[in-house]
>>> print(open('model33.cif').read())   # mmCIF, C-alpha atoms and all ligand atoms
data_run
loop_
_atom_site.group_PDB
_atom_site.id
_atom_site.type_symbol
_atom_site.label_atom_id
_atom_site.label_comp_id
_atom_site.auth_asym_id
_atom_site.auth_seq_id
_atom_site.Cartn_x
_atom_site.Cartn_y
_atom_site.Cartn_z
ATOM 1 C CA MET M 1342 -10.255 5.441 -6.695
ATOM 2 C CA SER M 1343 -7.348 3.081 -6.576
ATOM 3 C CA LEU M 1344 -5.901 1.129 -3.664
ATOM 4 C CA GLU M 1345 -2.140 0.590 -3.668
ATOM 5 C CA LEU M 1346 -0.182 -1.447 -1.178
ATOM 6 C CA SER M 1347 3.585 -1.306 -1.205
ATOM 7 C CA GLY M 1348 5.963 -3.231 1.014
ATOM 8 C CA ILE M 1349 3.266 -4.047 3.557
ATOM 9 C CA SER M 1350 4.105 -6.317 6.455
ATOM 10 C CA ALA M 1351 1.763 -7.107 9.327
ATOM 11 C CA GLY M 1352 1.232 -9.701 12.033
ATOM 12 C CA TYR M 1353 -0.063 -10.507 15.477
ATOM 13 C CA GLY M 1354 2.681 -10.002 18.037
ATOM 14 C CA THR M 1355 4.194 -13.388 17.348
ATOM 15 C CA GLY M 1356 6.018 -11.767 14.410
ATOM 16 C CA PRO M 1357 5.014 -10.780 10.892
ATOM 17 C CA VAL M 1358 2.564 -12.955 9.003
ATOM 18 C CA LEU M 1359 2.552 -10.797 5.864
ATOM 19 C CA HIS M 1360 5.823 -9.946 4.157
ATOM 20 C CA ASP M 1361 6.459 -7.200 1.615
ATOM 21 C CA ILE M 1362 2.994 -7.214 0.040
ATOM 22 C CA ASN M 1363 2.633 -5.182 -3.155
ATOM 23 C CA LEU M 1364 -0.851 -5.109 -4.584
ATOM 24 C CA VAL M 1365 -3.043 -2.750 -6.577
ATOM 25 C CA VAL M 1366 -6.841 -2.719 -6.797
ATOM 26 C CA PRO M 1367 -7.688 -0.429 -9.729
ATOM 27 C CA PRO M 1368 -11.002 1.438 -9.733
ATOM 28 C CA GLY M 1369 -13.960 -0.613 -10.903
ATOM 29 C CA GLU M 1370 -12.101 -3.928 -10.980
ATOM 30 C CA ILE M 1371 -12.407 -7.204 -9.134
ATOM 31 C CA VAL M 1372 -9.047 -8.358 -7.810
ATOM 32 C CA THR M 1373 -9.069 -11.770 -6.220
ATOM 33 C CA LEU M 1374 -6.610 -12.839 -3.576
ATOM 34 C CA ILE M 1375 -6.358 -16.597 -3.646
ATOM 35 C CA GLY M 1376 -4.574 -18.845 -1.224
ATOM 36 C CA ALA M 1377 -4.916 -21.863 1.039
ATOM 37 C CA ASN M 1378 -5.864 -21.958 4.735
ATOM 38 C CA GLY M 1379 -3.550 -19.806 6.780
ATOM 39 C CA ALA M 1380 -1.888 -18.136 3.777
ATOM 40 C CA GLY M 1381 -2.683 -14.648 5.078
ATOM 41 C CA LYS M 1382 -5.805 -13.567 3.162
ATOM 42 C CA SER M 1383 -7.801 -12.449 6.202
ATOM 43 C CA THR M 1384 -4.730 -10.829 7.732
ATOM 44 C CA LEU M 1385 -4.335 -8.751 4.586
ATOM 45 C CA ALA M 1386 -8.041 -7.859 4.550
ATOM 46 C CA LYS M 1387 -7.791 -6.667 8.170
ATOM 47 C CA THR M 1388 -4.633 -4.701 7.460
ATOM 48 C CA ILE M 1389 -6.348 -2.798 4.637
ATOM 49 C CA SER M 1390 -9.485 -1.980 6.640
ATOM 50 C CA GLY M 1391 -7.398 -1.035 9.678
ATOM 51 C CA LEU M 1392 -8.495 -3.770 12.074
ATOM 52 C CA LEU M 1393 -4.847 -4.749 12.227
ATOM 53 C CA PRO M 1394 -2.000 -2.207 12.138
ATOM 54 C CA SER M 1395 0.669 -2.634 9.492
ATOM 55 C CA LEU M 1396 4.276 -2.965 10.668
ATOM 56 C CA SER M 1397 5.882 -1.432 7.602
ATOM 57 C CA GLY M 1398 5.088 -0.269 4.100
ATOM 58 C CA GLN M 1399 2.368 2.018 2.804
ATOM 59 C CA ILE M 1400 -1.271 1.835 1.854
ATOM 60 C CA LEU M 1401 -2.432 4.523 -0.561
ATOM 61 C CA TRP M 1402 -6.091 5.162 -1.284
ATOM 62 C CA ASN M 1403 -6.851 7.641 -3.980
ATOM 63 C CA GLY M 1404 -3.202 8.727 -3.700
ATOM 64 C CA GLN M 1405 -3.352 9.414 0.040
ATOM 65 C CA ARG M 1406 -1.778 7.390 2.810
ATOM 66 C CA ILE M 1407 -4.353 5.653 4.989
ATOM 67 C CA ASP M 1408 -2.230 3.069 6.807
ATOM 68 C CA ARG M 1409 -2.141 5.042 10.039
ATOM 69 C CA LEU M 1410 -5.842 5.956 10.019
ATOM 70 C CA PRO M 1411 -8.366 4.238 12.296
ATOM 71 C CA THR M 1412 -10.841 1.780 10.753
ATOM 72 C CA ALA M 1413 -13.791 4.185 11.047
ATOM 73 C CA GLU M 1414 -11.918 6.832 9.075
ATOM 74 C CA ARG M 1415 -11.013 4.341 6.318
ATOM 75 C CA LEU M 1416 -14.677 3.285 6.227
ATOM 76 C CA SER M 1417 -15.844 6.856 5.918
ATOM 77 C CA ARG M 1418 -13.408 7.320 3.019
ATOM 78 C CA GLY M 1419 -15.140 4.477 1.204
ATOM 79 C CA ILE M 1420 -13.444 1.212 2.200
ATOM 80 C CA ALA M 1421 -15.833 -1.417 3.578
ATOM 81 C CA HIS M 1422 -14.816 -4.852 4.880
ATOM 82 C CA VAL M 1423 -17.144 -7.853 4.931
ATOM 83 C CA PRO M 1424 -15.279 -10.138 7.313
ATOM 84 C CA GLU M 1425 -14.789 -13.875 7.075
ATOM 85 C CA GLY M 1426 -17.583 -15.867 8.696
ATOM 86 C CA ARG M 1427 -20.078 -13.024 8.216
ATOM 87 C CA GLN M 1428 -19.941 -11.824 11.854
ATOM 88 C CA LEU M 1429 -23.613 -11.014 12.047
ATOM 89 C CA PHE M 1430 -25.518 -10.430 15.254
ATOM 90 C CA THR M 1431 -27.772 -13.458 15.008
ATOM 91 C CA GLY M 1432 -29.964 -12.386 17.935
ATOM 92 C CA MET M 1433 -30.705 -9.035 16.314
ATOM 93 C CA THR M 1434 -33.109 -8.320 13.485
ATOM 94 C CA VAL M 1435 -32.050 -8.172 9.874
ATOM 95 C CA GLU M 1436 -32.877 -4.456 9.888
ATOM 96 C CA ASP M 1437 -30.670 -3.780 12.923
ATOM 97 C CA ASN M 1438 -27.795 -5.736 11.393
ATOM 98 C CA LEU M 1439 -28.091 -3.619 8.266
ATOM 99 C CA GLY M 1440 -28.115 -0.458 10.361
ATOM 100 C CA LEU M 1441 -24.750 -1.387 11.865
ATOM 101 C CA GLY M 1442 -23.156 -1.063 8.454
ATOM 102 C CA ALA M 1443 -24.074 2.590 8.485
ATOM 103 C CA SER M 1444 -22.635 3.288 11.926
ATOM 104 C CA ILE M 1445 -20.256 5.912 10.544
ATOM 105 C CA ARG M 1446 -23.136 8.133 9.510
ATOM 106 C CA PRO M 1447 -24.823 10.677 11.832
ATOM 107 C CA ARG M 1448 -26.962 8.738 14.333
ATOM 108 C CA GLY M 1449 -26.029 5.571 12.457
ATOM 109 C CA GLN M 1450 -28.789 5.896 9.900
ATOM 110 C CA PRO M 1451 -28.056 4.395 6.492
ATOM 111 C CA GLU M 1452 -28.145 6.720 3.557
ATOM 112 C CA PRO M 1453 -31.633 6.099 2.112
ATOM 113 C CA SER M 1454 -30.281 5.458 -1.375
ATOM 114 C CA ALA M 1455 -27.696 2.938 -0.100
ATOM 115 C CA ARG M 1456 -30.380 1.088 1.800
ATOM 116 C CA ALA M 1457 -32.790 1.084 -1.139
ATOM 117 C CA GLU M 1458 -30.055 -0.158 -3.457
ATOM 118 C CA ALA M 1459 -29.061 -2.993 -1.101
ATOM 119 C CA LEU M 1460 -32.676 -4.078 -0.691
ATOM 120 C CA ARG M 1461 -33.150 -4.048 -4.434
ATOM 121 C CA LEU M 1462 -30.051 -6.229 -4.892
ATOM 122 C CA PHE M 1463 -31.144 -8.628 -2.169
ATOM 123 C CA PRO M 1464 -34.936 -9.050 -2.314
ATOM 124 C CA VAL M 1465 -34.786 -11.847 0.262
ATOM 125 C CA ILE M 1466 -33.535 -9.313 2.812
ATOM 126 C CA ALA M 1467 -36.215 -6.782 1.929
ATOM 127 C CA GLU M 1468 -38.867 -9.415 2.595
ATOM 128 C CA ARG M 1469 -37.572 -10.340 6.044
ATOM 129 C CA LEU M 1470 -36.323 -7.134 7.662
ATOM 130 C CA GLY M 1471 -38.067 -7.892 10.961
ATOM 131 C CA ASP M 1472 -36.787 -11.468 11.201
ATOM 132 C CA MET M 1473 -33.843 -12.466 13.414
ATOM 133 C CA ALA M 1474 -30.614 -12.692 11.397
ATOM 134 C CA GLY M 1475 -30.019 -16.078 13.049
ATOM 135 C CA ASN M 1476 -33.039 -17.497 11.215
ATOM 136 C CA PHE M 1477 -31.388 -16.880 7.858
ATOM 137 C CA SER M 1478 -29.700 -19.722 5.975
ATOM 138 C CA GLY M 1479 -25.942 -19.579 5.397
ATOM 139 C CA GLY M 1480 -26.389 -18.094 1.939
ATOM 140 C CA GLN M 1481 -28.882 -15.523 3.148
ATOM 141 C CA GLN M 1482 -26.547 -14.573 6.009
ATOM 142 C CA GLN M 1483 -23.753 -14.020 3.505
ATOM 143 C CA MET M 1484 -26.039 -11.785 1.470
ATOM 144 C CA LEU M 1485 -26.947 -9.857 4.622
ATOM 145 C CA ALA M 1486 -23.266 -9.423 5.472
ATOM 146 C CA ILE M 1487 -22.604 -8.001 1.998
ATOM 147 C CA ALA M 1488 -25.712 -5.799 2.181
ATOM 148 C CA ARG M 1489 -24.500 -4.471 5.537
ATOM 149 C CA GLY M 1490 -21.168 -3.649 3.897
ATOM 150 C CA LEU M 1491 -22.993 -1.664 1.216
ATOM 151 C CA MET M 1492 -24.769 0.546 3.763
ATOM 152 C CA SER M 1493 -21.805 2.922 3.962
ATOM 153 C CA SER M 1494 -21.877 3.423 0.145
ATOM 154 C CA PRO M 1495 -18.290 2.162 -0.274
ATOM 155 C CA HIS M 1496 -16.076 2.628 -3.326
ATOM 156 C CA LEU M 1497 -14.066 -0.467 -2.403
ATOM 157 C CA ILE M 1498 -15.503 -3.521 -0.744
ATOM 158 C CA ILE M 1499 -13.263 -6.210 0.714
ATOM 159 C CA LEU M 1500 -15.037 -9.567 0.721
ATOM 160 C CA ASP M 1501 -13.353 -12.237 2.828
ATOM 161 C CA GLU M 1502 -14.333 -15.707 1.595
ATOM 162 C CA PRO M 1503 -17.966 -15.029 0.759
ATOM 163 C CA SER M 1504 -18.345 -18.541 -0.695
ATOM 164 C CA LEU M 1505 -17.277 -20.311 2.500
ATOM 165 C CA GLY M 1506 -19.612 -23.173 3.351
ATOM 166 C CA LEU M 1507 -22.101 -22.450 0.564
ATOM 167 C CA ALA M 1508 -23.514 -24.918 -1.948
ATOM 168 C CA PRO M 1509 -22.268 -24.422 -5.545
ATOM 169 C CA LYS M 1510 -25.559 -22.915 -6.710
ATOM 170 C CA LEU M 1511 -25.433 -20.261 -3.993
ATOM 171 C CA VAL M 1512 -21.778 -19.572 -4.690
ATOM 172 C CA ALA M 1513 -22.746 -18.822 -8.287
ATOM 173 C CA GLU M 1514 -25.497 -16.520 -7.085
ATOM 174 C CA ILE M 1515 -23.210 -14.610 -4.706
ATOM 175 C CA PHE M 1516 -20.523 -14.314 -7.387
ATOM 176 C CA ASP M 1517 -23.076 -12.954 -9.862
ATOM 177 C CA LEU M 1518 -23.977 -10.313 -7.307
ATOM 178 C CA ILE M 1519 -20.314 -9.434 -6.885
ATOM 179 C CA LYS M 1520 -20.043 -8.925 -10.653
ATOM 180 C CA GLY M 1521 -23.108 -6.684 -10.380
ATOM 181 C CA LEU M 1522 -21.314 -4.526 -7.806
ATOM 182 C CA ARG M 1523 -18.390 -4.086 -10.170
ATOM 183 C CA ASP M 1524 -20.798 -3.158 -12.945
ATOM 184 C CA ARG M 1525 -21.997 -0.340 -10.688
ATOM 185 C CA GLY M 1526 -18.430 0.960 -10.583
ATOM 186 C CA MET M 1527 -17.316 -0.465 -7.259
ATOM 187 C CA SER M 1528 -13.831 -1.912 -6.744
ATOM 188 C CA ILE M 1529 -13.699 -5.309 -5.112
ATOM 189 C CA LEU M 1530 -10.979 -7.221 -3.326
ATOM 190 C CA LEU M 1531 -12.178 -10.803 -3.124
ATOM 191 C CA ALA M 1532 -10.264 -13.160 -0.805
ATOM 192 C CA GLU M 1533 -11.070 -16.745 -1.764
ATOM 193 C CA GLN M 1534 -9.981 -20.357 -1.535
ATOM 194 C CA ASN M 1535 -12.400 -21.138 -4.327
ATOM 195 C CA ALA M 1536 -9.857 -20.119 -6.951
ATOM 196 C CA ARG M 1537 -11.703 -21.244 -10.029
ATOM 197 C CA ALA M 1538 -14.930 -19.406 -9.234
ATOM 198 C CA ALA M 1539 -13.081 -16.297 -8.067
ATOM 199 C CA LEU M 1540 -10.767 -16.113 -11.088
ATOM 200 C CA SER M 1541 -13.666 -16.628 -13.449
ATOM 201 C CA ILE M 1542 -15.309 -13.351 -12.346
ATOM 202 C CA ALA M 1543 -12.173 -11.358 -11.498
ATOM 203 C CA ASP M 1544 -10.181 -8.951 -13.657
ATOM 204 C CA ARG M 1545 -6.919 -9.677 -11.885
ATOM 205 C CA GLY M 1546 -5.685 -12.187 -9.359
ATOM 206 C CA ALA M 1547 -2.880 -12.569 -6.848
ATOM 207 C CA VAL M 1548 -1.810 -15.794 -5.192
ATOM 208 C CA ILE M 1549 -0.707 -15.581 -1.580
ATOM 209 C CA GLU M 1550 1.393 -18.266 0.079
ATOM 210 C CA ASN M 1551 2.901 -18.027 3.556
ATOM 211 C CA GLY M 1552 2.175 -14.324 3.699
ATOM 212 C CA ARG M 1553 3.829 -13.493 0.379
ATOM 213 C CA ILE M 1554 2.344 -12.767 -3.034
ATOM 214 C CA VAL M 1555 3.944 -15.406 -5.224
ATOM 215 C CA LEU M 1556 2.063 -14.861 -8.470
ATOM 216 C CA GLU M 1557 0.019 -11.954 -9.842
ATOM 217 C CA GLY M 1558 -1.626 -11.241 -13.158
ATOM 218 C CA LYS M 1559 -4.692 -11.109 -15.337
ATOM 219 C CA ALA M 1560 -7.357 -13.437 -13.985
ATOM 220 C CA SER M 1561 -7.837 -15.142 -17.348
ATOM 221 C CA ASP M 1562 -4.095 -15.898 -17.562
ATOM 222 C CA LEU M 1563 -4.025 -17.275 -14.019
ATOM 223 C CA LEU M 1564 -7.067 -19.408 -14.741
ATOM 224 C CA HIS M 1565 -5.132 -21.094 -17.551
ATOM 225 C CA SER M 1566 -1.813 -21.327 -15.737
ATOM 226 C CA SER M 1567 -0.777 -24.891 -15.040
ATOM 227 C CA ASP M 1568 0.825 -23.830 -11.734
ATOM 228 C CA ILE M 1569 -2.482 -22.565 -10.454
ATOM 229 C CA ALA M 1570 -4.349 -25.543 -11.845
ATOM 230 C CA GLU M 1571 -2.105 -27.973 -9.988
ATOM 231 C CA ARG M 1572 -2.172 -26.145 -6.692
ATOM 232 C CA TYR M 1573 -5.564 -24.505 -6.460
ATOM 233 C CA LEU M 1574 -8.010 -25.591 -9.099
ATOM 234 C CA GLY M 1575 -7.823 -29.292 -8.320
ATOM 235 C CA VAL M 1576 -10.141 -28.794 -5.391
ATOM 236 C CA GLY M 1577 -12.894 -27.554 -7.650
ATOM 237 C CA VAL M 1578 -12.788 -30.055 -10.499
ATOM 238 C CA ALA M 1579 -15.253 -32.464 -8.927
ATOM 239 C CA ALA M 1580 -17.853 -29.789 -9.543
ATOM 240 C CA THR M 1581 -17.131 -29.682 -13.274
ATOM 241 C CA ALA M 1582 -18.616 -31.936 -15.888
ATOM 242 C CA ASP M 1583 -15.567 -31.651 -18.140
ATOM 243 C CA PRO M 1584 -14.505 -35.296 -18.627
ATOM 244 C CA ALA M 1585 -10.861 -34.343 -19.230
ATOM 245 C CA GLU M 1586 -10.670 -32.553 -15.893
ATOM 246 C CA VAL M 1587 -12.451 -35.342 -14.064
ATOM 247 C CA ALA M 1588 -9.991 -37.842 -15.561
ATOM 248 C CA LYS M 1589 -7.070 -35.645 -14.513
ATOM 249 C CA MET M 1590 -8.376 -35.419 -10.980
ATOM 250 C CA ALA M 1591 -8.929 -39.157 -10.819
ATOM 251 C CA ALA M 1592 -5.334 -39.688 -11.960
ATOM 252 C CA ARG M 1593 -4.041 -37.320 -9.280
ATOM 253 C CA LEU M 1594 -6.113 -39.043 -6.661
ATOM 254 C CA ARG M 1595 -4.817 -42.464 -7.744
ATOM 255 C CA ALA M 1596 -1.246 -41.200 -7.612
ATOM 256 C CA PHE M 1597 -1.868 -39.797 -4.157
ATOM 257 C CA VAL M 1598 -3.387 -43.008 -2.818
ATOM 258 C CA TRP M 1599 -0.661 -45.059 -4.442
ATOM 259 C CA GLU M 1600 2.097 -42.956 -2.876
ATOM 260 C CA LYS M 1601 0.468 -43.057 0.555
ATOM 261 C CA GLY M 1602 -0.344 -46.770 0.295
HETATM 262 N N1 LIG T 1701 -5.502 -13.446 15.853
HETATM 263 C C1 LIG T 1701 -4.400 -14.099 15.495
HETATM 264 N N2 LIG T 1701 -3.351 -14.242 16.343
HETATM 265 C C2 LIG T 1701 -2.228 -14.893 15.979
HETATM 266 N N3 LIG T 1701 -2.041 -15.457 14.770
HETATM 267 C C3 LIG T 1701 -3.032 -15.361 13.889
HETATM 268 C C4 LIG T 1701 -4.264 -14.684 14.196
HETATM 269 N N4 LIG T 1701 -5.078 -14.761 13.100
HETATM 270 C C5 LIG T 1701 -4.387 -15.437 12.169
HETATM 271 N N5 LIG T 1701 -3.166 -15.804 12.615
HETATM 272 C C6 LIG T 1701 -2.119 -16.527 11.871
HETATM 273 O O1 LIG T 1701 -1.784 -15.795 10.700
HETATM 274 C C7 LIG T 1701 -1.595 -16.654 9.586
HETATM 275 C C8 LIG T 1701 -2.498 -16.194 8.465
HETATM 276 O O2 LIG T 1701 -3.852 -16.375 8.863
HETATM 277 P P1 LIG T 1701 -5.073 -15.806 8.041
HETATM 278 O O3 LIG T 1701 -6.276 -15.930 8.899
HETATM 279 O O4 LIG T 1701 -4.740 -14.475 7.509
HETATM 280 O O5 LIG T 1701 -5.141 -16.849 6.827
HETATM 281 P P2 LIG T 1701 -6.237 -17.019 5.691
HETATM 282 O O6 LIG T 1701 -5.516 -17.019 4.400
HETATM 283 O O7 LIG T 1701 -7.313 -16.033 5.884
HETATM 284 O O8 LIG T 1701 -6.789 -18.499 5.975
HETATM 285 P P3 LIG T 1701 -8.278 -19.096 5.860
HETATM 286 O O9 LIG T 1701 -8.476 -19.423 4.414
HETATM 287 O O10 LIG T 1701 -8.221 -20.333 6.693
HETATM 288 O O11 LIG T 1701 -9.239 -18.080 6.366
HETATM 289 C C9 LIG T 1701 -1.873 -18.072 10.091
HETATM 290 O O12 LIG T 1701 -0.638 -18.663 10.373
HETATM 291 C C10 LIG T 1701 -2.677 -17.849 11.336
HETATM 292 O O13 LIG T 1701 -2.454 -18.886 12.260
HETATM 293 MG MG MG T 1702 -9.274 -16.172 6.223
#
>>> encode(input="model33.cif", output="structure tokens", more="lines below")
Ligand SMILES: Nc1ncnc2c1ncn2[C@@H]1O[C@H](COP(=O)(O)OP(=O)(O)OP(=O)(O)O)[C@@H](O)[C@H]1O
Ligand SMILES: [Mg+2]
Amino acid sequence: MSLELSGISAGYGTGPVLHDINLVVPPGEIVTLIGANGAGKSTLAKTISGLLPSLSGQILWNGQRIDRLPTAERLSRGIAHVPEGRQLFTGMTVEDNLGLGASIRPRGQPEPSARAEALRLFPVIAERLGDMAGNFSGGQQQMLAIARGLMSSPHLIILDEPSLGLAPKLVAEIFDLIKGLRDRGMSILLAEQNARAALSIADRGAVIENGRIVLEGKASDLLHSSDIAERYLGVGVAATADPAEVAKMAARLRAFVWEKG
């Protein structure tokens, strides 16, 4: 199943934030949407899942228009959204949080196979089903948010900044899991500021700036594009051991300080 956006604009009453967005998420691929704070990543995620109405354009899912359908209907057709900041109910148990992801099913019970699969993917959740979600660490909460998203057995999962606030080791773990979801045939739209990590697992990438897609292509090409490196990858180079990159970052930093000074 393929997701296709054409000419999408959307916003919040103060005028459009997204302008003429064209984007395709092919079946079984990871497409990453990269952009800085306020670029429009979450707005686009909400527009696809239906939390925010689009103002113009079309969203096709499996060839059918879904842009006028309510969120619950899009969810039941296989589009799940794991929102930014996890949005868990920290005063509820892990089990109850998981159950909420299945709210579209009769009596809100998760499909047994979806639940079993999520618990297999996230053993830490399986071990602590009776614990309060608020007692989980940031990384564990992110895993719970993704597991909750899987409860509806989606074909497409929209992940909004899953790496936010996590230590590099946990980011790697979460990103490995995301690759695992693709390997099971799921399509993934991954909104991220962490461009390097996202592009390194994605099939395709799109760069969003001020609500417009300004660059789009194969993830491996974007990863090696000097444009992207200058604008987005600089943030991540401190985490690399590559001496050439460290030297480049140091030079940029010196230039910056020199200009400001
Ligand atoms: N509820 C809202 N009401 C009004 N404006 C909003 C609302 N949410 C976001 N915006 C505005 O829309 C623009 C895009 O915001 P959005 O949250 O989509 O960015 P983002 O790319 O997800 O950023 P971040 O990386 O910080 O999460 C920003 O200018 C933001 O101020
Ligand atoms: Mg956001």
>>> closest_atom_pairs(input="model33.cif", of="chain M", to="ligand LIG 1701 (chain T)", cutoff="8 Å", atoms="all atoms listed in the file", output="JSON lines")
{"residue": "M:Gly1352", "atom": "CA", "partner": "T:LIG1701", "partner_atom": "O1", "distance": 6.9}
{"residue": "M:Tyr1353", "atom": "CA", "partner": "T:LIG1701", "partner_atom": "C2", "distance": 4.9}
{"residue": "M:Gly1354", "atom": "CA", "partner": "T:LIG1701", "partner_atom": "C2", "distance": 7.2}
{"residue": "M:Thr1355", "atom": "CA", "partner": "T:LIG1701", "partner_atom": "C2", "distance": 6.7}
{"residue": "M:Val1358", "atom": "CA", "partner": "T:LIG1701", "partner_atom": "O1", "distance": 5.5}
{"residue": "M:Leu1359", "atom": "CA", "partner": "T:LIG1701", "partner_atom": "C8", "distance": 7.8}
{"residue": "M:Gly1376", "atom": "CA", "partner": "T:LIG1701", "partner_atom": "O6", "distance": 6.0}
{"residue": "M:Ala1377", "atom": "CA", "partner": "T:LIG1701", "partner_atom": "O9", "distance": 5.5}
{"residue": "M:Asn1378", "atom": "CA", "partner": "T:LIG1701", "partner_atom": "O10", "distance": 3.5}
{"residue": "M:Gly1379", "atom": "CA", "partner": "T:LIG1701", "partner_atom": "O5", "distance": 3.4}
{"residue": "M:Ala1380", "atom": "CA", "partner": "T:LIG1701", "partner_atom": "O6", "distance": 3.8}
{"residue": "M:Gly1381", "atom": "CA", "partner": "T:LIG1701", "partner_atom": "O4", "distance": 3.2}
{"residue": "M:Lys1382", "atom": "CA", "partner": "T:LIG1701", "partner_atom": "O6", "distance": 3.7}
{"residue": "M:Ser1383", "atom": "CA", "partner": "T:LIG1701", "partner_atom": "O7", "distance": 3.6}
{"residue": "M:Thr1384", "atom": "CA", "partner": "T:LIG1701", "partner_atom": "O4", "distance": 3.7}
{"residue": "M:Leu1385", "atom": "CA", "partner": "T:LIG1701", "partner_atom": "O4", "distance": 6.4}
{"residue": "M:Ala1386", "atom": "CA", "partner": "T:LIG1701", "partner_atom": "O4", "distance": 8.0}
{"residue": "M:Glu1425", "atom": "CA", "partner": "T:LIG1701", "partner_atom": "O11", "distance": 7.0}
{"residue": "M:Asp1501", "atom": "CA", "partner": "T:LIG1701", "partner_atom": "O7", "distance": 7.8}
{"residue": "M:Glu1502", "atom": "CA", "partner": "T:LIG1701", "partner_atom": "O11", "distance": 7.4}
{"residue": "M:Ala1532", "atom": "CA", "partner": "T:LIG1701", "partner_atom": "O7", "distance": 7.9}
{"residue": "M:Glu1533", "atom": "CA", "partner": "T:LIG1701", "partner_atom": "O9", "distance": 7.2}
{"residue": "M:Gln1534", "atom": "CA", "partner": "T:LIG1701", "partner_atom": "O9", "distance": 6.2}
{"residue": "M:Ile1549", "atom": "CA", "partner": "T:LIG1701", "partner_atom": "O6", "distance": 7.8}
{"residue": "M:Asn1551", "atom": "CA", "partner": "T:LIG1701", "partner_atom": "C8", "distance": 7.5}
{"residue": "M:Gly1552", "atom": "CA", "partner": "T:LIG1701", "partner_atom": "C8", "distance": 6.9}
>>> atom_distance(input="model33.cif", atom1="atom CA of M:Val1435", atom2="atom CA of M:Met1484")
10.9 Å
>>> closest_residue(input="model33.cif", among="M:Ile1371, M:Thr1431, M:Asp1361, M:Ile1349", to="M:Leu1393", atoms="all atoms listed in the file")
M:Ile1349
>>> residues_around(input="model33.cif", residues="M:Ala1455", least_positions_apart="5", cutoff="10 Å", atoms="only C-alpha atoms", output="list in words")
Ala1443, Leu1460, Arg1461, Ala1488, Arg1489, Leu1491, Met1492, Ser1493, Ser1494 and Pro1495 of chain M
>>> closest_residue(input="model33.cif", among="M:Leu1462, M:Ala1588, M:Leu1540, M:Ala1547", to="M:Ala1560", atoms="all atoms listed in the file")
M:Leu1540
>>> atom_distance(input="model33.cif", atom1="atom CA of M:Leu1531", atom2="atom CA of M:Ile1519")
9.1 Å
>>> resolve_selection(input="model33.cif", expression="the PyMOL selection byres (((chain M and resi 1471-1481) around 12) and not hetatm)", output="VMD selection string")
chain M and resid 1426 to 1439 1463 to 1470 1482 to 1489 1503 to 1516
>>> residues_near_point(input="model33.cif", point="(-5.4, -2.9, 9.8)", cutoff="9 Å", atoms="only C-alpha atoms", output="PyMOL selection string")
chain M and resi 1351+1384-1395+1408-1412
>>> closest_residue(input="model33.cif", among="M:Ala1543, M:Val1423, M:Leu1497, M:Ala1585", to="M:Leu1344", atoms="only C-alpha atoms")
M:Leu1497
>>> closest_residue(input="model33.cif", among="M:Ser1350, M:Thr1373, M:Asn1363, M:Ser1541", to="M:Ser1528", atoms="all atoms listed in the file")
M:Thr1373
>>> closest_residue(input="model33.cif", among="M:Pro1424, M:Val1366, M:Glu1345, M:His1565", to="ligand MG 1702 (chain T)", atoms="all atoms listed in the file")
M:Pro1424
>>> atom_distance(input="model33.cif", atom1="atom CA of M:Pro1367", atom2="atom CA of M:Pro1453")
27.5 Å
>>> resolve_selection(input="model33.cif", expression="the PyMOL selection byres (((chain M and resi 1369) around 6) and not hetatm)", output="short mmCIF file (atom, residue, chain, number, x, y, z; two decimals) with C-alpha atoms, keeping the file's coordinate frame")
data_model
loop_
_atom_site.label_atom_id
_atom_site.label_comp_id
_atom_site.auth_asym_id
_atom_site.auth_seq_id
_atom_site.Cartn_x
_atom_site.Cartn_y
_atom_site.Cartn_z
CA PRO M 1368 -11.00 1.44 -9.73
CA GLU M 1370 -12.10 -3.93 -10.98
CA ARG M 1523 -18.39 -4.09 -10.17
CA GLY M 1526 -18.43 0.96 -10.58
CA MET M 1527 -17.32 -0.46 -7.26
CA SER M 1528 -13.83 -1.91 -6.74
#
>>> residues_near_point(input="model33.cif", point="(5.3, -9.9, -0.4)", cutoff="6 Å", atoms="all atoms listed in the file", output="count of residues only")
5
>>> closest_residue(input="model33.cif", among="M:Gln1399, M:Leu1374, M:Gly1490, M:Arg1418", to="ligand MG 1702 (chain T)", atoms="all atoms listed in the file")
M:Leu1374
>>> build_atoms(input="model33.cif", residues="stretch 1457-1463 of chain M", atoms="N, CA and C atoms", output="compact mmCIF listing (two decimals), keeping the file's coordinate frame")
# COMPACT_ATOMS: atom_id res chain seq x y z
N ALA M 1457 -31.87 1.48 -0.07
CA ALA M 1457 -32.79 1.08 -1.14
C ALA M 1457 -32.07 0.20 -2.16
N GLU M 1458 -30.84 0.59 -2.47
CA GLU M 1458 -30.06 -0.16 -3.46
C GLU M 1458 -29.77 -1.58 -2.94
N ALA M 1459 -29.38 -1.67 -1.68
CA ALA M 1459 -29.06 -2.99 -1.10
C ALA M 1459 -30.31 -3.87 -1.08
N LEU M 1460 -31.44 -3.29 -0.76
CA LEU M 1460 -32.68 -4.08 -0.69
C LEU M 1460 -33.13 -4.51 -2.08
N ARG M 1461 -32.81 -3.68 -3.07
CA ARG M 1461 -33.15 -4.05 -4.43
C ARG M 1461 -32.26 -5.22 -4.90
N LEU M 1462 -30.98 -5.16 -4.51
CA LEU M 1462 -30.05 -6.23 -4.89
C LEU M 1462 -30.38 -7.54 -4.19
N PHE M 1463 -30.89 -7.43 -2.97
CA PHE M 1463 -31.14 -8.63 -2.17
C PHE M 1463 -32.61 -8.66 -1.74
